[in-house]
Amino acid sequence: MSRILIAGGGGFGLEMYGYLTGALTSTLSSVQRPEPTMVGILNDGPDCEVLRKVPHAPYVGNIQDHQPEPGDAVVIAIGDAAARRKVAQMLRARGARLLTYIHPTALVADTAMIGEGAIICPHSIVNAGAQVGENVAVNVFCSIGHGAQVGAHSVLSPYCALSGDSVLGEGGFMGTRATLFPKVVLGANCVVDAHSPVKQSAPDRKLISMRGQYLVLDNRLAPKA
């Protein structure tokens with residue numbers, strides 16, 4: 001029996017477990033999938049969201065203690081860029097093979113490049129000539145424009161967009177609905193706050209945020225109780 005192991009038992013791990021065990025046949029580009037295949041959970045302790053909500057999911061052990069077996073492939077379901085890098089380096093040092101996962105509803109151009117260990121979640125688009133680095137997590141409904149680049153270990157939250165020829169450097173993080181404008185270049189380890197449009201390039205280790213006023217007002221059109 002071959003094994004696909006999900007490293008991370010939180011919400012992202014729960015989503016990946018659903019993708020990998022669901023009715024749709026996943027595209028698993030870094031490992032052939034002989035039958036049967038077990039999908040197991042690696043987490044630092046068995047008390048995690050995946051196992052609470054899916055009690056029958058097999059718990060394989062701690063990430064820190066994992067020793068790969070022949071035929072194993074690991075998908076890193078962690079939404080923090082620095083943690084993704086740390087776990088990937090640790091597992092690779094032990095000879096682990098990282099799974100490259102592309103959901104069948106995602107659209108990836110023939111001329112795009114997808115790095116080892118990258119995750120492309122449902123309904124995302126990777127356009128012509130785009131480059132997605134190793135161990136990148138691209139969540140649902142993201143758009144990576146023509147010629148855009150996503151650096152290794154980066155994380156794109158749902159509904160992010162990289163416009164044509166834009167660049168998110170290594171270890172970057174984009175919050176939900178964040179957008180890079182065309183040809184904008186961000187250095188390594190930058191964070192873009194949710195709903196923030198990025199119109200100018202920035203060097204390494206910058207936090208970019210467009211924080212408007214948050215209002216809670218009475219709905220005067222609602223019927224009164």
# chains A, B, ... in the order shown; residues from 1 in each chain; ligands from 1
$ closest_atom_pairs --of "segment 109-146 of chain A" --to "segment 179-200 of chain A" --cutoff "12 Å" --atoms "only C-alpha atoms" --output "Markdown table"
| residue | atom | partner | partner_atom | distance |
| --- | --- | --- | --- | --- |
| A:Cys142 | CA | A:Thr179 | CA | 9.9 |
| A:Ser143 | CA | A:Thr179 | CA | 9.4 |
| A:Ile144 | CA | A:Leu180 | CA | 9.7 |
| A:Gly145 | CA | A:Pro182 | CA | 8.7 |
| A:His146 | CA | A:Pro182 | CA | 9.7 |
$ write_last_selection --atoms "N, CA and C atoms" --output "PDB file, in the first residue's frame"
ATOM      1  N   CYS A 142      -7.592  31.485  -6.974  1.00  0.00           N
ATOM      2  CA  CYS A 142      -6.498  32.431  -7.198  1.00  0.00           C
ATOM      3  C   CYS A 142      -6.195  32.535  -8.697  1.00  0.00           C
ATOM      4  N   SER A 143      -5.624  33.678  -9.077  1.00  0.00           N
ATOM      5  CA  SER A 143      -5.234  33.906 -10.462  1.00  0.00           C
ATOM      6  C   SER A 143      -3.776  34.348 -10.507  1.00  0.00           C
ATOM      7  N   ILE A 144      -2.973  33.603 -11.256  1.00  0.00           N
ATOM      8  CA  ILE A 144      -1.564  33.939 -11.444  1.00  0.00           C
ATOM      9  C   ILE A 144      -1.392  34.266 -12.922  1.00  0.00           C
ATOM     10  N   GLY A 145      -1.174  35.534 -13.204  1.00  0.00           N
ATOM     11  CA  GLY A 145      -1.202  36.023 -14.576  1.00  0.00           C
ATOM     12  C   GLY A 145      -0.008  35.597 -15.402  1.00  0.00           C
ATOM     13  N   HIS A 146      -0.067  35.912 -16.687  1.00  0.00           N
ATOM     14  CA  HIS A 146       0.989  35.532 -17.630  1.00  0.00           C
ATOM     15  C   HIS A 146       2.333  36.082 -17.178  1.00  0.00           C
TER      16      HIS A 146
END
$ select_by_dssp --residues "segment 105-194 of chain A" --states "strand (DSSP E or B)" --output "number ranges by chain"
A: 107-108, 113-114, 119-120, 125-126, 131-132, 137-138, 143-144, 149-150, 155-156, 161-162, 167-168, 173-174, 179-180, 185-186, 191-192
$ atom_distance --atom1 "atom CA of Ile114 of chain A" --atom2 "atom CA of Thr100 of chain A"
8.1 Å
$ closest_residue --among "A:Gly151, A:Tyr101, A:Leu168, A:Gly13" --to "Val50 of chain A" --atoms "only C-alpha atoms"
A:Gly13
$ atom_distance --atom1 "atom CA of Phe12 of chain A" --atom2 "atom CA of Gly61 of chain A"
17.7 Å
$ select_by_dssp --residues "chain A" --states "alpha helix (DSSP H)" --output "tab-separated table (two decimals) with C-alpha atoms, in the first residue's frame"
chain	number	residue	atom	x	y	z
A	11	GLY	CA	-7.90	23.69	8.63
A	12	PHE	CA	-5.73	23.49	5.52
A	13	GLY	CA	-4.99	19.85	6.30
A	14	LEU	CA	-8.71	19.20	6.62
A	15	GLU	CA	-9.29	20.72	3.18
A	16	MET	CA	-6.45	18.70	1.63
A	17	TYR	CA	-7.81	15.51	3.17
A	18	GLY	CA	-11.11	16.21	1.46
A	19	TYR	CA	-9.44	16.88	-1.89
A	20	LEU	CA	-7.33	13.73	-1.73
A	21	THR	CA	-10.07	11.38	-0.58
A	49	GLU	CA	-8.79	19.59	13.63
A	50	VAL	CA	-8.59	16.88	10.98
A	51	LEU	CA	-8.84	14.04	13.47
A	52	ARG	CA	-11.58	15.73	15.48
A	53	LYS	CA	-13.74	16.24	12.38
A	81	ALA	CA	5.26	30.52	4.71
A	82	ALA	CA	8.09	30.26	7.24
A	83	ALA	CA	6.68	27.03	8.66
A	84	ARG	CA	6.28	25.59	5.15
A	85	ARG	CA	9.96	26.25	4.47
A	86	LYS	CA	11.07	24.71	7.78
A	87	VAL	CA	9.00	21.55	7.36
A	88	ALA	CA	10.01	21.10	3.71
A	89	GLN	CA	13.71	21.40	4.53
A	90	MET	CA	13.42	18.98	7.44
A	91	LEU	CA	11.50	16.35	5.45
A	92	ARG	CA	13.76	16.60	2.42
A	93	ALA	CA	16.83	16.18	4.62
